[in-house]
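Have a look at the structure below, then the notes.
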Amino acid sequence: MEKKILDYTLVPAGLGILAAYHLWLFLRIIYTPYKTVIGVNALTRRFWIRAMMEDTSKNGVLAVQTLRNNIMASTLLASMAITLSSVIAVLMANVGKGIRTTILAYGDTSHSAMSVKFSCIMVCFLVAFLFNVQSIRYYSHGSMLINVPFKKMSPDHHHLTAEYVEKSINRGSYFWSLGLRAFYFSLPLFLWIFGPIPMFLCCFLLVFMLYFLDVASECKWVYDFSEDHDEELGCQNQI
């Protein structure tokens, strides 16, 4: 019974820490986006897309190659996610054949508890797969749209603008970030197999690590960016 109490207290506490951090990050992205790496990168992509579309005949190959690299990265993560989901499904099928009796496990190791743990991990990988597939979708659209000569098009196609391309490629990046974050979430869930204590400690350390990956401490150039301050773009390279 004492082992189950640890699962009922430490696991919700760990998940609560992750949820609270991401709620704080979401509000920060909404209200002060340029103090986060996600917001700064989104702005940087906007400038890059506009630069690529200034002369599609000169920059078209570079733009397509860059987006192709992003598609390859999303494809790799999607393949890993669906493969790991299959592995977890096999482990779930054998959950009653010795896995729950491992001496390394601590906490609730009953058949139903282990099934819940493996199910949570599998759902996490499936979500990562779906997000990365959506990322591939938007990057594929963007690789075609970025080479469209908008300046030579008739006014009837006024809705096809650089802002539309920016939204498409930025959405691809957002889905890629969410897919990668789903992989991060799978780590504490995996350690939950060995007990609630490793899971709780992993949640705490994961939040500590993500804070330094998500917060942009040096982004003054964002507010002063103009054609006369191009040299300030180098500040982002230090983040």
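Simple scheme: letters A, B, ... for chains in structure tokens order, numbers from 1 for residues in each chain, numbers from 1 for ligands in the order shown.
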
* Excluding same-chain residues fewer than 4 positions from range 181-190 of chain A, what lies within 10 Å of it counting only C-alpha atoms, as a PyMOL selection string? -> chain A and resi 11+14-15+18+77+80-81+117-129+131+175-177+194-196+198-206+210

* **A:Leu25, A:Ile146, A:Ile88, A:Val215 ranked by distance to Val64 in chain A, top pick (using only C-alpha atoms)** =>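 Closest candidate: A:Ile146.
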
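Within 12 Å of range 57-60 of chain A, once only C-alpha atoms are used and residues closer than 6 positions along the same chain are dropped, the contacting residues are Trp48, Ile49, Arg50, Ala51, Thr66, Leu67, Gly142, Ser143, Met144, Leu145, Ile146, Asn147, Val148 and Pro149 of chain A.
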